[in-house]
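What follows is a short report on a single structure.
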Amino acid sequence: MPCGSDNDIILSQWTSDGHYQESSDGGVTYHDAPSKDPRNNVPLPPPFLPPGTTDESCTYADSVVNNIITNWLGKTGATEDQQTVIEGILGFLAGIFGAFGVIAAAITLGIAAVIVAFGVAAWKAAFTSDVWDRLRCNIANQVGDDGSFDQEAVDAVWNQIASDETGIAAISLQGMVAALGPQGMTIAARQGWGSPTADCDCEECEGCDLSGWIIQESGGYVFGVLDEESSTCDVLVIDQTVVAGDSNYYVKVFAPTNMDCCTPTSLSTSGSPSGLLIAWDEVGETQGTFAHTGSVTDITGHCIVSLLVRTSTSQTVTLSTAP
């Protein structure tokens, strides 16, 4: 007959965010026990990226997203009953964990009733392309270079979903990420569902998007160098340290077309006020003509398609459309 600690009964549970926990005091307290997590019994496939991959993190993230789209939503029947939804969950997790998928499903089966109450067709419709884009970027920001996840990374994905989404999309995605955990997310990332050219450019602009604007090159002269570390989608920071033939320093930047105008909220230059010239073209006008001139404050309020800044010393120009 067992005695002492041999008589302890170990209870286990999964938290809503997918942590496997154990209790040795009858459920009064629980602690994380990742080494006992049954999901970790499933072997990990080796890292895999398709030929021609341009952004490893994004392709791994795209594999997770496409896996969910194809093997969960795509294979969940349209019948408005809970059994159909449960079968979709079980089928998806079986493709990740094999026989252990049934165990992992315990974390997410609770959302089946919510999906049915919402309606299967409406549930699927809630996953717009924007939802998938945000999820792809969310995952890309957390996945390891080899397509792996640890618990901290999964927690970060789970928490970001709550910030990015609402309603049934948030409930469903959080539930499935919790069910996958580090082992399942790693498997899904390495299964090869990702595109080699997946796009994870998800920066949201507060102002007008300047990311497509280009620095002019003409006559073998480049009119500035983009400071990529300081620039964002709605702020351009351009350095100019190369003197032109007239002994001045020029920055010239153009919108993608003369119809893609942006209205600056601020413009600044570190160059000397001596020789300072601000010039621009407005929407519909020929870029590079620089038909309008004024001060750094005069440019605000105009929807411009090109900008010229000249100073007599080397300069850094900061153009912002953010509020």
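Ordering of the structure tokens sets the chain letters (A, B, ...); residue numbers start at 1 within each chain; ligands are numbered from 1 in the order shown.
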Practice task
Name the residues in contact with Val120 in chain A at a cut-off of 10 Å, using only C-alpha atoms, excluding same-chain residues fewer than 5 positions from it; report them as a PyMOL selection string.
Solution key: chain A and resi 73+76-82+84-85+112+114-115+125-126
Exercise for the section: Would you please extract all strand (DSSP E or B) residues from range 144-322 of chain A, as assigned by DSSP on the backbone, and give them as JSON, numbers by chain? Expected result: {"A": [214, 215, 217, 218, 221, 222, 225, 226, 232, 235, 236, 237, 238, 239, 240, 249, 250, 251, 252, 253, 254, 262, 266, 267, 268, 269, 277, 278, 279, 280, 281, 282, 292, 293, 294, 304, 305, 306, 307, 308, 309, 310, 311, 315, 316, 317, 318, 319, 320]}
Fill in the blank from the handout: With distances taken over only C-alpha atoms, the candidate from A:Asn248, A:Cys208, A:Ile299, A:Val253 nearest Val235 in chain A is A:Cys208
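Remark: for Gly175 in chain A, the closest of the candidate residues A:Asn159, A:Thr29, A:Thr53, A:Thr300 is A:Asn159 (distances computed over only C-alpha atoms).
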Exercise for the section: Would you list the contacts of range 272-281 of chain A as number ranges by chain, taking every protein, DNA or RNA residue within 12 Å and counting only C-alpha atoms, but skipping same-chain residues closer than 6 positions in sequence? Expected result: A: 246-255, 257-264, 287-300, 302-317, 319
Practice task
For Thr186 in chain A, list every protein, DNA or RNA residue within 12 Å, evaluated using only C-alpha atoms, and leave out those in the same chain fewer than 2 positions away; present the list as an NGL selection string.
Solution key: :A and (39-40 or 42-48 or 57 or 60-61 or 63-64 or 67 or 96-97 or 139 or 142-151 or 153-154 or 177 or 180-184 or 188-192)
Practice task
as a VMD selection string, list the residues of range 9-175 of chain A assigned to alpha helix (DSSP H) by DSSP on the backbone atoms of this structure.
Solution key: chain A and resid 56 to 68 82 to 97 101 to 108 110 to 118 120 to 125 129 to 140 151 to 164 167 to 175
Restrict the selected residues to C-alpha atoms and save them as a JSON list (two decimals), in the first residue's frame.
```
[["chain", "number", "residue", "atom", "x", "y", "z"],
["A", 56, "GLU", "CA", 12.01, 32.95, -43.55],
["A", 57, "SER", "CA", 9.89, 34.17, -40.63],
["A", 58, "CYS", "CA", 7.04, 35.19, -42.92],
["A", 59, "THR", "CA", 7.05, 31.89, -44.80],
["A", 60, "TYR", "CA", 6.95, 29.92, -41.54],
["A", 61, "ALA", "CA", 4.09, 32.16, -40.34],
["A", 62, "ASP", "CA", 2.31, 31.71, -43.66],
["A", 63, "SER", "CA", 2.54, 27.96, -43.19],
["A", 64, "VAL", "CA", 0.67, 28.21, -39.88],
["A", 65, "VAL", "CA", -1.96, 30.53, -41.37],
["A", 66, "ASN", "CA", -2.53, 28.43, -44.51],
["A", 67, "ASN", "CA", -2.68, 25.31, -42.38],
["A", 68, "ILE", "CA", -5.50, 26.83, -40.33],
["A", 82, "GLN", "CA", -21.86, 21.09, -32.83],
["A", 83, "GLN", "CA", -20.68, 17.66, -33.96],
["A", 84, "THR", "CA", -19.66, 19.03, -37.35],
["A", 85, "VAL", "CA", -17.64, 21.80, -35.72],
["A", 86, "ILE", "CA", -16.00, 19.37, -33.31],
["A", 87, "GLU", "CA", -15.07, 17.09, -36.20],
["A", 88, "GLY", "CA", -13.39, 20.05, -37.90],
["A", 89, "ILE", "CA", -11.36, 20.80, -34.78],
["A", 90, "LEU", "CA", -10.40, 17.16, -34.26],
["A", 91, "GLY", "CA", -9.45, 16.73, -37.90],
["A", 92, "PHE", "CA", -7.18, 19.75, -37.87],
["A", 93, "LEU", "CA", -5.42, 18.81, -34.64],
["A", 94, "ALA", "CA", -5.03, 15.20, -35.78],
["A", 95, "GLY", "CA", -3.12, 16.53, -38.79],
["A", 96, "ILE", "CA", -0.74, 18.27, -36.38],
["A", 97, "PHE", "CA", -0.46, 15.86, -33.44],
["A", 101, "GLY", "CA", -4.75, 15.54, -31.39],
["A", 102, "VAL", "CA", -7.72, 14.31, -29.35],
["A", 103, "ILE", "CA", -5.91, 15.29, -26.15],
["A", 104, "ALA", "CA", -5.03, 18.76, -27.49],
["A", 105, "ALA", "CA", -8.61, 19.25, -28.65],
["A", 106, "ALA", "CA", -9.73, 19.35, -25.02],
["A", 107, "ILE", "CA", -8.42, 22.92, -24.88],
["A", 108, "THR", "CA", -10.52, 24.20, -27.74],
["A", 110, "GLY", "CA", -15.36, 24.69, -25.61],
["A", 111, "ILE", "CA", -15.48, 27.10, -28.54],
["A", 112, "ALA", "CA", -17.51, 24.64, -30.63],
["A", 113, "ALA", "CA", -20.77, 25.70, -28.98],
["A", 114, "VAL", "CA", -19.87, 29.35, -29.50],
["A", 115, "ILE", "CA", -19.23, 28.74, -33.21],
["A", 116, "VAL", "CA", -22.54, 26.93, -33.62],
["A", 117, "ALA", "CA", -24.40, 29.70, -31.81],
["A", 118, "PHE", "CA", -22.72, 32.24, -34.09],
["A", 120, "VAL", "CA", -20.85, 28.20, -39.17],
["A", 121, "ALA", "CA", -21.24, 30.31, -42.32],
["A", 122, "ALA", "CA", -20.95, 33.56, -40.34],
["A", 123, "TRP", "CA", -17.98, 32.13, -38.43],
["A", 124, "LYS", "CA", -16.12, 31.44, -41.64],
["A", 125, "ALA", "CA", -17.06, 34.85, -43.05],
["A", 129, "SER", "CA", -8.14, 38.63, -45.57],
["A", 130, "ASP", "CA", -7.23, 41.37, -43.10],
["A", 131, "VAL", "CA", -7.59, 38.91, -40.21],
["A", 132, "TRP", "CA", -5.22, 36.48, -41.89],
["A", 133, "ASP", "CA", -2.75, 39.27, -42.72],
["A", 134, "ARG", "CA", -2.66, 40.39, -39.10],
["A", 135, "LEU", "CA", -2.27, 36.83, -37.84],
["A", 136, "ARG", "CA", 0.56, 36.16, -40.32],
["A", 137, "CYS", "CA", 2.44, 39.24, -39.15],
["A", 138, "ASN", "CA", 1.73, 38.42, -35.51],
["A", 139, "ILE", "CA", 3.21, 34.94, -35.89],
["A", 140, "ALA", "CA", 6.14, 36.17, -38.00],
["A", 151, "GLN", "CA", 5.91, 29.12, -24.64],
["A", 152, "GLU", "CA", 6.81, 32.80, -24.41],
["A", 153, "ALA", "CA", 6.39, 33.19, -28.17],
["A", 154, "VAL", "CA", 3.02, 31.38, -28.16],
["A", 155, "ASP", "CA", 1.86, 33.56, -25.27],
["A", 156, "ALA", "CA", 2.83, 36.66, -27.25],
["A", 157, "VAL", "CA", 0.85, 35.46, -30.30],
["A", 158, "TRP", "CA", -2.15, 34.64, -28.09],
["A", 159, "ASN", "CA", -2.08, 38.06, -26.43],
["A", 160, "GLN", "CA", -1.66, 39.92, -29.73],
["A", 161, "ILE", "CA", -4.73, 38.20, -31.18],
["A", 162, "ALA", "CA", -6.75, 39.78, -28.39],
["A", 163, "SER", "CA", -5.42, 43.19, -29.45],
["A", 164, "ASP", "CA", -5.89, 42.63, -33.17],
["A", 167, "GLY", "CA", -15.64, 38.51, -31.46],
["A", 168, "ILE", "CA", -15.65, 35.00, -32.88],
["A", 169, "ALA", "CA", -12.39, 35.49, -34.83],
["A", 170, "ALA", "CA", -10.50, 36.34, -31.63],
["A", 171, "ILE", "CA", -12.15, 33.54, -29.63],
["A", 172, "SER", "CA", -11.43, 30.93, -32.31],
["A", 173, "LEU", "CA", -7.86, 31.91, -33.08],
["A", 174, "GLN", "CA", -6.88, 32.22, -29.43],
["A", 175, "GLY", "CA", -8.42, 28.82, -28.72]]
```
